[in-house]
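Student: Pasting input-v2.json below, which is JSON, C-alpha atoms.
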[["chain", "number", "residue", "atom", "x", "y", "z"],
["X", 245, "MET", "CA", -33.67, -11.95, -12.58],
["X", 246, "LYS", "CA", -34.88, -10.07, -15.64],
["X", 247, "ASN", "CA", -36.13, -6.51, -15.33],
["X", 248, "ARG", "CA", -37.53, -3.70, -17.43],
["X", 249, "LEU", "CA", -35.45, -0.95, -15.88],
["X", 250, "LYS", "CA", -33.77, 0.04, -19.11],
["X", 251, "VAL", "CA", -37.07, 0.24, -20.97],
["X", 252, "LEU", "CA", -38.77, 2.25, -18.22],
["X", 253, "ARG", "CA", -35.77, 4.56, -18.02],
["X", 254, "ALA", "CA", -35.74, 5.09, -21.77],
["X", 255, "GLU", "CA", -39.48, 5.91, -21.77],
["X", 256, "ARG", "CA", -38.76, 8.78, -19.43],
["X", 257, "ASP", "CA", -35.58, 9.77, -21.25],
["X", 258, "TRP", "CA", -33.46, 9.33, -18.15],
["X", 259, "SER", "CA", -29.78, 8.46, -18.17],
["X", 260, "GLN", "CA", -28.36, 5.88, -15.77],
["X", 261, "SER", "CA", -26.96, 8.80, -13.77],
["X", 262, "ASP", "CA", -30.41, 10.38, -13.49],
["X", 263, "LEU", "CA", -31.93, 7.14, -12.26],
["X", 264, "ALA", "CA", -29.03, 6.56, -9.88],
["X", 265, "ASP", "CA", -29.45, 10.04, -8.39],
["X", 266, "ALA", "CA", -33.19, 9.55, -8.01],
["X", 267, "LEU", "CA", -32.65, 6.28, -6.14],
["X", 268, "ASP", "CA", -29.61, 7.53, -4.20],
["X", 269, "VAL", "CA", -27.42, 4.70, -5.47],
["X", 270, "SER", "CA", -24.32, 4.60, -7.64],
["X", 271, "ARG", "CA", -24.40, 4.48, -11.41],
["X", 272, "GLN", "CA", -22.61, 1.15, -11.19],
["X", 273, "THR", "CA", -25.60, -0.22, -9.28],
["X", 274, "ILE", "CA", -28.01, 0.80, -12.04],
["X", 275, "ASN", "CA", -25.68, -0.62, -14.68],
["X", 276, "ALA", "CA", -25.38, -3.89, -12.77],
["X", 277, "LEU", "CA", -29.17, -4.10, -12.31],
["X", 278, "GLU", "CA", -29.88, -3.51, -15.98],
["X", 279, "THR", "CA", -27.31, -6.03, -17.17],
["X", 280, "GLY", "CA", -28.56, -8.65, -14.73],
["X", 281, "LYS", "CA", -25.26, -8.80, -12.82],
["X", 282, "TYR", "CA", -26.98, -7.86, -9.57],
["X", 283, "ASP", "CA", -30.45, -8.26, -8.06],
["X", 284, "PRO", "CA", -31.72, -5.43, -5.86],
["X", 285, "SER", "CA", -32.58, -5.79, -2.20],
["X", 286, "LEU", "CA", -36.27, -5.58, -1.25],
["X", 287, "PRO", "CA", -36.01, -1.97, -0.01],
["X", 288, "LEU", "CA", -34.35, -0.91, -3.26],
["X", 289, "ALA", "CA", -36.88, -2.86, -5.33],
["X", 290, "PHE", "CA", -39.71, -1.08, -3.51],
["X", 291, "LYS", "CA", -37.97, 2.24, -4.04],
["X", 292, "ILE", "CA", -37.70, 1.55, -7.76],
["X", 293, "ALA", "CA", -41.36, 0.55, -7.92],
["X", 294, "ARG", "CA", -42.44, 3.73, -6.11],
["X", 295, "LEU", "CA", -40.31, 5.87, -8.42],
["X", 296, "PHE", "CA", -41.88, 4.42, -11.55],
["X", 297, "GLY", "CA", -45.35, 4.17, -10.03],
["X", 298, "LEU", "CA", -45.62, 0.48, -10.87],
["X", 299, "PRO", "CA", -45.90, -2.74, -8.85],
["X", 300, "ILE", "CA", -42.63, -4.66, -8.33],
["X", 301, "GLU", "CA", -43.89, -7.54, -10.51],
["X", 302, "ALA", "CA", -44.32, -5.16, -13.43],
["X", 303, "ILE", "CA", -40.64, -4.24, -13.27],
["X", 304, "PHE", "CA", -38.90, -7.42, -12.13],
["X", 305, "GLU", "CA", -39.55, -10.84, -13.54],
["X", 306, "ASP", "CA", -38.53, -13.92, -11.60],
["X", 307, "ASN", "CA", -37.18, -16.64, -13.88],
["X", 308, "PRO", "CA", -37.07, -19.92, -11.88],
["F", 462, "MET", "CA", -29.61, -9.59, -21.49],
["F", 463, "THR", "CA", -27.09, -12.23, -22.61],
["F", 464, "ASP", "CA", -23.72, -11.33, -24.03],
["F", 465, "VAL", "CA", -22.90, -13.33, -27.14],
["F", 466, "VAL", "CA", -19.14, -13.46, -27.48],
["F", 467, "PRO", "CA", -17.87, -15.37, -30.48],
["F", 468, "GLN", "CA", -15.89, -18.51, -29.60],
["F", 469, "LYS", "CA", -12.88, -17.29, -31.63],
["F", 470, "SER", "CA", -12.80, -14.01, -29.72],
["F", 471, "ARG", "CA", -12.95, -15.81, -26.35],
["F", 472, "THR", "CA", -10.15, -18.18, -27.37],
["F", 473, "LYS", "CA", -8.08, -15.21, -28.50],
["F", 474, "SER", "CA", -8.66, -13.38, -25.18],
["F", 475, "LEU", "CA", -7.79, -16.51, -23.20],
["F", 476, "GLY", "CA", -4.64, -16.96, -25.27],
["F", 477, "LYS", "CA", -3.60, -13.36, -24.66],
["F", 478, "PHE", "CA", -4.25, -13.75, -20.95],
["F", 479, "LEU", "CA", -2.16, -16.92, -20.70],
["F", 480, "LEU", "CA", 0.66, -15.32, -22.69],
["F", 481, "SER", "CA", 0.60, -12.29, -20.37],
["F", 482, "VAL", "CA", 0.79, -14.52, -17.30],
["F", 483, "MET", "CA", 3.70, -16.46, -18.81],
["F", 484, "GLY", "CA", 5.44, -13.23, -19.73],
["F", 485, "ILE", "CA", 5.04, -11.83, -16.22],
["F", 486, "ALA", "CA", 6.23, -15.11, -14.68],
["F", 487, "PHE", "CA", 9.31, -15.12, -16.94],
["F", 488, "ALA", "CA", 10.10, -11.47, -16.19],
["F", 489, "GLY", "CA", 9.58, -12.19, -12.49],
["F", 490, "GLY", "CA", 12.02, -15.10, -12.66],
["F", 491, "ILE", "CA", 14.73, -12.96, -14.24],
["F", 492, "PHE", "CA", 14.08, -10.13, -11.78],
["F", 493, "GLY", "CA", 14.24, -12.58, -8.85],
["F", 494, "TYR", "CA", 17.52, -14.02, -10.11],
["F", 495, "PHE", "CA", 19.25, -10.63, -10.10],
["F", 496, "VAL", "CA", 17.62, -9.44, -6.86],
["F", 497, "GLY", "CA", 18.65, -12.70, -5.16],
["F", 498, "GLY", "CA", 22.27, -12.06, -6.18],
["F", 499, "TRP", "CA", 22.09, -8.47, -4.89],
["F", 500, "VAL", "CA", 20.55, -9.54, -1.58],
["F", 501, "ARG", "CA", 23.30, -12.14, -1.11],
["F", 502, "GLU", "CA", 26.00, -9.47, -1.51],
["F", 503, "PHE", "CA", 24.01, -7.15, 0.76],
["F", 504, "GLU", "CA", 23.76, -9.73, 3.56],
["F", 505, "GLU", "CA", 27.47, -10.44, 3.60],
["F", 506, "GLY", "CA", 28.46, -6.73, 3.73],
["F", 507, "ARG", "CA", 28.56, -4.16, 6.61],
["F", 508, "VAL", "CA", 24.86, -3.41, 6.46],
["F", 509, "GLY", "CA", 24.06, -7.09, 6.51],
["F", 510, "PHE", "CA", 26.25, -7.55, 9.58],
["F", 511, "PHE", "CA", 24.50, -4.65, 11.36],
["F", 512, "LEU", "CA", 21.06, -6.03, 10.53],
["F", 513, "ALA", "CA", 22.06, -9.44, 11.84],
["F", 514, "GLU", "CA", 23.16, -7.80, 15.09],
["F", 515, "ILE", "CA", 19.76, -6.20, 15.65],
["F", 516, "GLY", "CA", 18.04, -9.46, 14.80],
["F", 517, "PHE", "CA", 16.76, -8.77, 11.29],
["F", 518, "ALA", "CA", 14.90, -11.91, 10.30],
["F", 519, "PRO", "CA", 13.77, -11.52, 6.71],
["F", 520, "SER", "CA", 11.11, -13.82, 5.39],
["F", 521, "LEU", "CA", 8.93, -14.07, 2.32],
["F", 522, "SER", "CA", 5.99, -12.87, 4.42],
["F", 523, "SER", "CA", 7.90, -9.74, 5.44],
["F", 524, "PHE", "CA", 8.72, -9.01, 1.81],
["F", 525, "ILE", "CA", 5.12, -9.48, 0.66],
["F", 526, "GLY", "CA", 4.00, -7.54, 3.74],
["F", 527, "VAL", "CA", 6.13, -4.58, 2.68],
["F", 528, "LEU", "CA", 4.63, -4.73, -0.82],
["F", 529, "LEU", "CA", 1.12, -4.79, 0.66],
["F", 530, "LEU", "CA", 2.04, -1.90, 2.94],
["F", 531, "ILE", "CA", 3.13, 0.17, -0.05],
["F", 532, "ILE", "CA", -0.20, -0.60, -1.73],
["F", 533, "TYR", "CA", -2.13, 0.49, 1.38],
["F", 534, "LEU", "CA", -0.17, 3.72, 1.78],
["F", 535, "ILE", "CA", -0.70, 4.59, -1.89],
["F", 536, "SER", "CA", -4.41, 3.75, -1.50],
["F", 537, "ALA", "CA", -4.67, 6.03, 1.53],
["F", 538, "GLY", "CA", -3.07, 8.85, -0.47],
["F", 539, "LEU", "CA", -5.28, 8.28, -3.51],
["F", 540, "PHE", "CA", -8.53, 8.16, -1.55],
["F", 541, "GLY", "CA", -7.45, 11.24, 0.36],
["F", 542, "LEU", "CA", -6.80, 13.04, -2.92],
["F", 543, "ALA", "CA", -10.10, 11.81, -4.34],
["F", 544, "THR", "CA", -11.95, 13.77, -1.64],
["F", 545, "VAL", "CA", -10.59, 17.03, -3.06],
["F", 546, "ASN", "CA", -9.73, 16.26, -6.66],
["F", 547, "LYS", "CA", -12.61, 15.44, -9.03],
["F", 548, "LYS", "CA", -10.29, 14.11, -11.71],
["F", 549, "ILE", "CA", -8.89, 11.47, -9.39],
["F", 550, "ALA", "CA", -12.35, 10.71, -8.02],
["F", 551, "ARG", "CA", -13.63, 10.02, -11.56],
["F", 552, "ASN", "CA", -10.70, 7.73, -12.35],
["F", 553, "ARG", "CA", -12.02, 4.27, -11.60],
["F", 554, "ILE", "CA", -8.61, 2.64, -11.80],
["F", 555, "LEU", "CA", -7.21, 4.89, -9.07],
["F", 556, "THR", "CA", -10.27, 4.53, -6.85],
["F", 557, "GLY", "CA", -10.50, 0.75, -7.09],
["F", 558, "GLY", "CA", -13.56, 0.81, -9.33],
["F", 559, "LEU", "CA", -15.62, 3.16, -7.15],
["F", 560, "GLY", "CA", -15.61, 6.23, -9.38],
["F", 561, "ASP", "CA", -17.29, 9.54, -8.72],
["F", 562, "ASN", "CA", -20.82, 9.01, -7.43],
["F", 563, "PRO", "CA", -22.68, 10.07, -4.26],
["F", 564, "SER", "CA", -22.01, 6.76, -2.49],
["F", 565, "SER", "CA", -18.27, 6.81, -3.25],
["F", 566, "ARG", "CA", -17.86, 10.49, -2.42],
["F", 567, "ARG", "CA", -19.24, 9.83, 1.06],
["F", 568, "ALA", "CA", -16.81, 6.94, 1.49],
["F", 569, "PHE", "CA", -13.54, 8.41, 0.19],
["F", 570, "SER", "CA", -12.44, 10.18, 3.38],
["F", 571, "SER", "CA", -13.32, 7.15, 5.52],
["F", 572, "LEU", "CA", -11.47, 4.86, 3.11],
["F", 573, "ALA", "CA", -8.39, 7.08, 3.30],
["F", 574, "LEU", "CA", -8.39, 6.92, 7.10],
["F", 575, "PHE", "CA", -9.14, 3.20, 7.00],
["F", 576, "TYR", "CA", -5.97, 2.60, 5.02],
["F", 577, "VAL", "CA", -4.01, 4.87, 7.38],
["F", 578, "GLY", "CA", -5.15, 2.72, 10.31],
["F", 579, "TYR", "CA", -4.52, -0.47, 8.35],
["F", 580, "SER", "CA", -1.01, 0.70, 7.42],
["F", 581, "LEU", "CA", -0.28, 1.55, 11.05],
["F", 582, "ALA", "CA", -1.45, -1.78, 12.49],
["F", 583, "PHE", "CA", -0.11, -3.96, 9.70],
["F", 584, "GLY", "CA", 3.09, -1.91, 9.40],
["F", 585, "VAL", "CA", 3.90, -2.59, 13.05],
["F", 586, "LEU", "CA", 3.28, -6.30, 12.50],
["F", 587, "VAL", "CA", 5.56, -6.33, 9.46],
["F", 588, "PHE", "CA", 8.24, -4.51, 11.45],
["F", 589, "LEU", "CA", 7.94, -6.94, 14.36],
["F", 590, "ASP", "CA", 8.18, -9.89, 11.98],
["F", 591, "ALA", "CA", 11.34, -8.51, 10.37],
["F", 592, "PHE", "CA", 12.93, -7.23, 13.62],
["F", 593, "PRO", "CA", 11.65, -9.46, 16.44],
["F", 594, "LYS", "CA", 14.43, -8.41, 18.87],
["F", 595, "VAL", "CA", 13.56, -4.71, 18.54],
["F", 596, "GLY", "CA", 9.90, -5.48, 19.23],
["F", 597, "LEU", "CA", 10.72, -7.22, 22.51],
["F", 598, "SER", "CA", 12.40, -4.07, 23.83],
["F", 599, "GLN", "CA", 9.23, -1.89, 23.60],
["F", 600, "PRO", "CA", 6.26, -4.25, 23.77],
["F", 601, "ILE", "CA", 3.76, -1.74, 25.22],
["F", 602, "MET", "CA", 4.48, 0.87, 22.58],
["F", 603, "PHE", "CA", 4.11, -1.52, 19.66],
["F", 604, "GLN", "CA", 0.98, -3.06, 21.14],
["F", 605, "SER", "CA", -0.55, 0.39, 21.60],
["F", 606, "LEU", "CA", 0.17, 1.30, 17.98],
["F", 607, "ILE", "CA", -1.52, -1.90, 16.82],
["F", 608, "VAL", "CA", -4.57, -1.19, 18.98],
["F", 609, "ILE", "CA", -4.80, 2.41, 17.69],
["F", 610, "GLY", "CA", -4.55, 1.19, 14.10],
["F", 611, "VAL", "CA", -7.20, -1.48, 14.61],
["F", 612, "CYS", "CA", -9.59, 0.95, 16.33],
["F", 613, "LEU", "CA", -9.19, 3.43, 13.49],
["F", 614, "MET", "CA", -9.80, 0.63, 10.99],
["F", 615, "GLY", "CA", -12.92, -0.52, 12.81],
["F", 616, "TRP", "CA", -14.43, 2.96, 13.05],
["F", 617, "CYS", "CA", -13.67, 3.77, 9.41],
["F", 618, "ALA", "CA", -14.97, 0.39, 8.22],
["F", 619, "TYR", "CA", -18.27, 1.19, 9.94],
["F", 620, "ARG", "CA", -18.37, 4.63, 8.28],
["F", 621, "VAL", "CA", -17.59, 3.10, 4.87],
["F", 622, "TRP", "CA", -20.31, 0.49, 5.38],
["F", 623, "ILE", "CA", -22.99, 3.09, 6.00],
["F", 624, "SER", "CA", -21.70, 5.24, 3.12],
["F", 625, "PHE", "CA", -21.64, 2.50, 0.49],
["F", 626, "ASP", "CA", -24.78, 1.64, -1.43],
["F", 627, "GLU", "CA", -25.90, -1.98, -1.40],
["F", 628, "PHE", "CA", -24.07, -2.93, -4.59],
["F", 629, "PHE", "CA", -20.62, -2.08, -3.20],
["F", 630, "ARG", "CA", -21.58, -3.61, 0.13],
["F", 631, "ALA", "CA", -22.48, -6.84, -1.65],
["F", 632, "ILE", "CA", -19.11, -6.93, -3.44],
["F", 633, "TRP", "CA", -17.30, -6.24, -0.16],
["F", 634, "VAL", "CA", -19.16, -8.96, 1.74],
["F", 635, "GLU", "CA", -18.80, -11.53, -1.04],
["F", 636, "ALA", "CA", -15.07, -10.90, -1.44],
["F", 637, "SER", "CA", -14.46, -11.03, 2.33],
["F", 638, "ALA", "CA", -16.50, -14.21, 2.81],
["F", 639, "LEU", "CA", -14.99, -16.00, -0.18],
["F", 640, "SER", "CA", -11.40, -15.16, 0.73],
["F", 641, "ALA", "CA", -12.01, -16.11, 4.38],
["F", 642, "PHE", "CA", -13.41, -19.44, 3.20],
["F", 643, "VAL", "CA", -10.42, -20.09, 0.93],
["F", 644, "VAL", "CA", -7.95, -19.24, 3.70],
["F", 645, "LEU", "CA", -9.92, -21.35, 6.21],
["F", 646, "LEU", "CA", -9.56, -24.35, 3.91],
["F", 647, "GLY", "CA", -5.84, -23.63, 3.75],
["F", 648, "VAL", "CA", -5.63, -23.41, 7.55],
["F", 649, "CYS", "CA", -7.35, -26.80, 7.90],
["F", 650, "VAL", "CA", -4.99, -28.39, 5.39],
["F", 651, "GLU", "CA", -1.96, -26.79, 7.04],
["F", 652, "MET", "CA", -3.02, -27.87, 10.55],
["F", 653, "GLY", "CA", -3.50, -31.42, 9.36],
["F", 654, "ALA", "CA", -0.14, -31.46, 7.61],
["F", 655, "ALA", "CA", 1.61, -29.95, 10.66],
["F", 656, "LYS", "CA", 0.02, -32.55, 12.98],
["F", 657, "LEU", "CA", 1.23, -35.31, 10.70],
["F", 658, "GLY", "CA", 4.71, -33.81, 10.74],
["F", 659, "LEU", "CA", 4.72, -33.15, 7.02],
["F", 660, "ILE", "CA", 5.46, -29.42, 7.39],
["F", 661, "GLU", "CA", 6.69, -27.12, 10.15],
["F", 662, "GLY", "CA", 3.61, -24.97, 10.44],
["F", 663, "ILE", "CA", 2.79, -21.42, 9.36],
["F", 664, "SER", "CA", 2.72, -18.49, 11.77],
["F", 665, "GLY", "CA", -0.26, -16.19, 12.33],
["F", 666, "PHE", "CA", 1.52, -13.35, 10.55],
["F", 667, "ASP", "CA", 2.10, -15.58, 7.52],
["F", 668, "TRP", "CA", -1.63, -16.38, 7.44],
["F", 669, "LEU", "CA", -2.46, -12.70, 7.72],
["F", 670, "VAL", "CA", -0.28, -11.97, 4.68],
["F", 671, "ILE", "CA", -1.80, -14.93, 2.80],
["F", 672, "TYR", "CA", -5.34, -13.74, 3.61],
["F", 673, "GLN", "CA", -4.65, -10.22, 2.37],
["F", 674, "SER", "CA", -3.09, -11.51, -0.84],
["F", 675, "VAL", "CA", -6.03, -13.86, -1.42],
["F", 676, "TYR", "CA", -8.48, -11.04, -0.63],
["F", 677, "LEU", "CA", -6.94, -8.71, -3.23],
["F", 678, "VAL", "CA", -7.27, -11.39, -5.91],
["F", 679, "VAL", "CA", -10.79, -12.43, -4.87],
["F", 680, "TYR", "CA", -11.98, -8.82, -4.67],
["F", 681, "GLY", "CA", -10.78, -8.28, -8.23],
["F", 682, "ILE", "CA", -12.60, -11.40, -9.42],
["F", 683, "VAL", "CA", -15.86, -10.62, -7.60],
["F", 684, "SER", "CA", -15.84, -6.99, -8.75],
["F", 685, "GLY", "CA", -15.06, -8.05, -12.30],
["F", 686, "ILE", "CA", -18.03, -10.42, -12.33],
["F", 687, "ARG", "CA", -20.45, -7.92, -10.76],
["F", 688, "ASP", "CA", -19.14, -4.80, -12.48],
["F", 689, "PRO", "CA", -17.37, -5.62, -15.77],
["F", 690, "ASN", "CA", -16.82, -1.91, -16.41],
["F", 691, "MET", "CA", -15.07, -1.56, -13.07],
["F", 692, "LEU", "CA", -11.76, -0.34, -14.42],
["F", 693, "THR", "CA", -12.84, 1.75, -17.39],
["F", 694, "MET", "CA", -11.29, 5.16, -17.17],
["F", 695, "GLU", "CA", -14.47, 7.10, -17.77],
["F", 696, "GLU", "CA", -18.00, 6.24, -16.80],
["F", 697, "PRO", "CA", -19.34, 3.54, -19.15],
["F", 698, "GLU", "CA", -21.99, 4.46, -21.66],
["F", 699, "ASP", "CA", -25.47, 3.35, -20.81],
["F", 700, "ALA", "CA", -25.72, -0.42, -21.31]]
Just give me the structure of the file as structure tokens.

Tutor:
Amino acid sequence: MKNRLKVLRAERDWSQSDLADALDVSRQTINALETGKYDPSLPLAFKIARLFGLPIEAIFEDNP
Amino acid sequence: MTDVVPQKSRTKSLGKFLLSVMGIAFAGGIFGYFVGGWVREFEEGRVGFFLAEIGFAPSLSSFIGVLLLIIYLISAGLFGLATVNKKIARNRILTGGLGDNPSSRRAFSSLALFYVGYSLAFGVLVFLDAFPKVGLSQPIMFQSLIVIGVCLMGWCAYRVWISFDEFFRAIWVEASALSAFVVLLGVCVEMGAAKLGLIEGISGFDWLVIYQSVYLVVYGIVSGIRDPNMLTMEEPEDA
């Protein structure tokens, strides 16, 4: 699943550590999400959406 | 994001990997040759005679079990140190890829105790496999030690589960499920072969050792796929 996490993070000038701390997850999780190695659970996806103030579909793109 | 690795580079990496494996296998063969000779002399000496008297029954599983036990004891020590030493906590090689982050920091103490419990329970099983006669003399004591170890493992595994974030949980679950599946296939094949009289059969302890060995390999593969930077010494730069 593609996502715009890296772009959104860069717009706010946050490091992966900053984003990880804000979401209470490990930096490895953020790294894995951004590189597409891991897809978040629904609760985490909602948390990310709330943090950026955007709907989930604006951050994550399903590629069937 | 797709990683474009040139074909030549991939072939080179594969070649290096195969050469390393061959080198390790060759070194292992030479090491085994000399160790085998030493063990033979050892068995036929005074110590060997004494061990035979107390019913020492060495097996490949016992040997691998001892190696695994050493790994678990070292892991317990490292995770224990990681709770108090930031340098060790940041070292992803020493902490099995976890590194220093809020999720890992919560889990280090539980992981240390988990490996203490694991070492206790598995250590008793290794001892009983190597010295079956000694085990028969104190069955209640050894059984109690196993139960204590397993209870400690269970409690700590629960604590680690709630401490880990979902990414590490996913790796843990995937590795456990995949290795259980692989070993289950092996059990089915072995049972069929034993029923047909093709082989003698493998004991439960042997399967336990096989499962742990398979798990270590599978965990490395799953972690490597999910977290390619798993073993970098410092935190990776932003991707």

Student: Near chain F, meaning an atom within 8 Å, which residues of chain X appear when counting all atoms listed in the file? Write them as a list in words.

Tutor: Lys246, Ser259, Gln260, Asp265, Asp268, Val269, Ser270, Arg271, Gln272, Thr273, Asn275, Ala276, Glu278, Thr279, Gly280, Lys281, Tyr282 and Ser285 of chain X

Student: Do a neighbour search on Glu305 (chain X) at 8 Å with only C-alpha atoms, toss out local chain neighbours closer than 2 positions, and write the hits as a ChimeraX atom specification.

Tutor: /X:245-247,301-303,307

Student: Can you tell me which residues surround Ala293 (chain X) at a distance of at most 12 Å, considering all atoms listed in the file, apart from same-chain residues fewer than 4 positions away, and format the answer as a PDB file with C-alpha atoms, in the coordinates of the input?

Tutor:
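Output file part_21.pdb is given in full below:
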ATOM      1  CA  ASN X 247     -36.130  -6.510 -15.330  1.00  0.00           C
ATOM      2  CA  ARG X 248     -37.530  -3.700 -17.430  1.00  0.00           C
ATOM      3  CA  LEU X 249     -35.450  -0.950 -15.880  1.00  0.00           C
ATOM      4  CA  LEU X 252     -38.770   2.250 -18.220  1.00  0.00           C
ATOM      5  CA  LEU X 267     -32.650   6.280  -6.140  1.00  0.00           C
ATOM      6  CA  PRO X 284     -31.720  -5.430  -5.860  1.00  0.00           C
ATOM      7  CA  LEU X 286     -36.270  -5.580  -1.250  1.00  0.00           C
ATOM      8  CA  PRO X 287     -36.010  -1.970  -0.010  1.00  0.00           C
ATOM      9  CA  LEU X 288     -34.350  -0.910  -3.260  1.00  0.00           C
ATOM     10  CA  ALA X 289     -36.880  -2.860  -5.330  1.00  0.00           C
ATOM     11  CA  GLY X 297     -45.350   4.170 -10.030  1.00  0.00           C
ATOM     12  CA  LEU X 298     -45.620   0.480 -10.870  1.00  0.00           C
ATOM     13  CA  PRO X 299     -45.900  -2.740  -8.850  1.00  0.00           C
ATOM     14  CA  ILE X 300     -42.630  -4.660  -8.330  1.00  0.00           C
ATOM     15  CA  GLU X 301     -43.890  -7.540 -10.510  1.00  0.00           C
ATOM     16  CA  ALA X 302     -44.320  -5.160 -13.430  1.00  0.00           C
ATOM     17  CA  ILE X 303     -40.640  -4.240 -13.270  1.00  0.00           C
ATOM     18  CA  PHE X 304     -38.900  -7.420 -12.130  1.00  0.00           C
TER      19      PHE X 304
END

Student: Taking all atoms of region 470-479 of chain F that the file lists, what box with edges along x, y and z, padded by 3 Å per side, do you get, with centre and edge lengths in Å to one decimal, as AutoDock Vina command-line options?

Tutor:
--center_x -7.6 --center_y -15.8 --center_z -25.2 --size_x 16.8 --size_y 10.8 --size_z 15.0

Student: In the coordinate frame of the file, compute which residues have an atom within 9 Å of (7.1, -10.5, 4.8) when using all atoms listed in the file, and state them as a PDB file with C-alpha atoms, in the frame of the given file.

Tutor:
ATOM      1  CA  PRO F 519      13.770 -11.520   6.710  1.00  0.00           C
ATOM      2  CA  SER F 520      11.110 -13.820   5.390  1.00  0.00           C
ATOM      3  CA  LEU F 521       8.930 -14.070   2.320  1.00  0.00           C
ATOM      4  CA  SER F 522       5.990 -12.870   4.420  1.00  0.00           C
ATOM      5  CA  SER F 523       7.900  -9.740   5.440  1.00  0.00           C
ATOM      6  CA  PHE F 524       8.720  -9.010   1.810  1.00  0.00           C
ATOM      7  CA  ILE F 525       5.120  -9.480   0.660  1.00  0.00           C
ATOM      8  CA  GLY F 526       4.000  -7.540   3.740  1.00  0.00           C
ATOM      9  CA  VAL F 527       6.130  -4.580   2.680  1.00  0.00           C
ATOM     10  CA  LEU F 528       4.630  -4.730  -0.820  1.00  0.00           C
ATOM     11  CA  VAL F 587       5.560  -6.330   9.460  1.00  0.00           C
ATOM     12  CA  ASP F 590       8.180  -9.890  11.980  1.00  0.00           C
ATOM     13  CA  ALA F 591      11.340  -8.510  10.370  1.00  0.00           C
ATOM     14  CA  PHE F 666       1.520 -13.350  10.550  1.00  0.00           C
ATOM     15  CA  ASP F 667       2.100 -15.580   7.520  1.00  0.00           C
ATOM     16  CA  VAL F 670      -0.280 -11.970   4.680  1.00  0.00           C
TER      17      VAL F 670
END

Student: Give me the residues near Tyr619 (chain F) as a ChimeraX atom specification, where near means some atom within 12 Å (using only C-alpha atoms) and where sequence neighbours in that chain fewer than 2 positions away do not count.

Tutor: /F:568,571-572,574-575,612-617,621-625,630

Student: Would you save the residues from that selection as a CSV table (one decimal), in the frame of the given file, using C-alpha atoms?

Tutor:
chain,number,residue,atom,x,y,z
F,568,ALA,CA,-16.8,6.9,1.5
F,571,SER,CA,-13.3,7.2,5.5
F,572,LEU,CA,-11.5,4.9,3.1
F,574,LEU,CA,-8.4,6.9,7.1
F,575,PHE,CA,-9.1,3.2,7.0
F,612,CYS,CA,-9.6,1.0,16.3
F,613,LEU,CA,-9.2,3.4,13.5
F,614,MET,CA,-9.8,0.6,11.0
F,615,GLY,CA,-12.9,-0.5,12.8
F,616,TRP,CA,-14.4,3.0,13.0
F,617,CYS,CA,-13.7,3.8,9.4
F,621,VAL,CA,-17.6,3.1,4.9
F,622,TRP,CA,-20.3,0.5,5.4
F,623,ILE,CA,-23.0,3.1,6.0
F,624,SER,CA,-21.7,5.2,3.1
F,625,PHE,CA,-21.6,2.5,0.5
F,630,ARG,CA,-21.6,-3.6,0.1

Student: Write out as a list in words which residues come within 7 Å of region 529-536 of chain F when counting all atoms listed in the file, dropping same-chain ones fewer than 5 positions away.

Tutor: Tyr576, Val577, Ser580 and Gly584 of chain F

Student: Output requested as a PDB file, in the frame of the given file - region 536-546 of chain F, filled out with N, CA and C atoms.

Tutor:
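Okay, this is what ended up in rebuild28.pdb:
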ATOM      1  N   SER F 536      -2.935   3.689  -1.504  1.00  0.00           N
ATOM      2  CA  SER F 536      -4.410   3.750  -1.500  1.00  0.00           C
ATOM      3  C   SER F 536      -4.892   4.863  -0.584  1.00  0.00           C
ATOM      4  N   ALA F 537      -4.282   4.978   0.596  1.00  0.00           N
ATOM      5  CA  ALA F 537      -4.670   6.030   1.530  1.00  0.00           C
ATOM      6  C   ALA F 537      -4.487   7.396   0.881  1.00  0.00           C
ATOM      7  N   GLY F 538      -3.337   7.577   0.203  1.00  0.00           N
ATOM      8  CA  GLY F 538      -3.070   8.850  -0.470  1.00  0.00           C
ATOM      9  C   GLY F 538      -4.067   9.124  -1.582  1.00  0.00           C
ATOM     10  N   LEU F 539      -4.363   8.095  -2.381  1.00  0.00           N
ATOM     11  CA  LEU F 539      -5.280   8.280  -3.510  1.00  0.00           C
ATOM     12  C   LEU F 539      -6.698   8.604  -3.045  1.00  0.00           C
ATOM     13  N   PHE F 540      -7.176   7.881  -2.040  1.00  0.00           N
ATOM     14  CA  PHE F 540      -8.530   8.160  -1.550  1.00  0.00           C
ATOM     15  C   PHE F 540      -8.601   9.526  -0.882  1.00  0.00           C
ATOM     16  N   GLY F 541      -7.498   9.903  -0.228  1.00  0.00           N
ATOM     17  CA  GLY F 541      -7.450  11.240   0.360  1.00  0.00           C
ATOM     18  C   GLY F 541      -7.514  12.311  -0.724  1.00  0.00           C
ATOM     19  N   LEU F 542      -6.783  12.097  -1.811  1.00  0.00           N
ATOM     20  CA  LEU F 542      -6.800  13.040  -2.920  1.00  0.00           C
ATOM     21  C   LEU F 542      -8.159  13.060  -3.615  1.00  0.00           C
ATOM     22  N   ALA F 543      -8.797  11.913  -3.675  1.00  0.00           N
ATOM     23  CA  ALA F 543     -10.100  11.810  -4.340  1.00  0.00           C
ATOM     24  C   ALA F 543     -11.157  12.677  -3.651  1.00  0.00           C
ATOM     25  N   THR F 544     -10.966  12.938  -2.352  1.00  0.00           N
ATOM     26  CA  THR F 544     -11.950  13.770  -1.640  1.00  0.00           C
ATOM     27  C   THR F 544     -11.890  15.214  -2.109  1.00  0.00           C
ATOM     28  N   VAL F 545     -10.728  15.626  -2.659  1.00  0.00           N
ATOM     29  CA  VAL F 545     -10.590  17.030  -3.060  1.00  0.00           C
ATOM     30  C   VAL F 545     -10.371  17.213  -4.558  1.00  0.00           C
ATOM     31  N   ASN F 546     -10.033  16.149  -5.235  1.00  0.00           N
ATOM     32  CA  ASN F 546      -9.730  16.260  -6.660  1.00  0.00           C
ATOM     33  C   ASN F 546     -10.713  15.436  -7.476  1.00  0.00           C
TER      34      ASN F 546
END
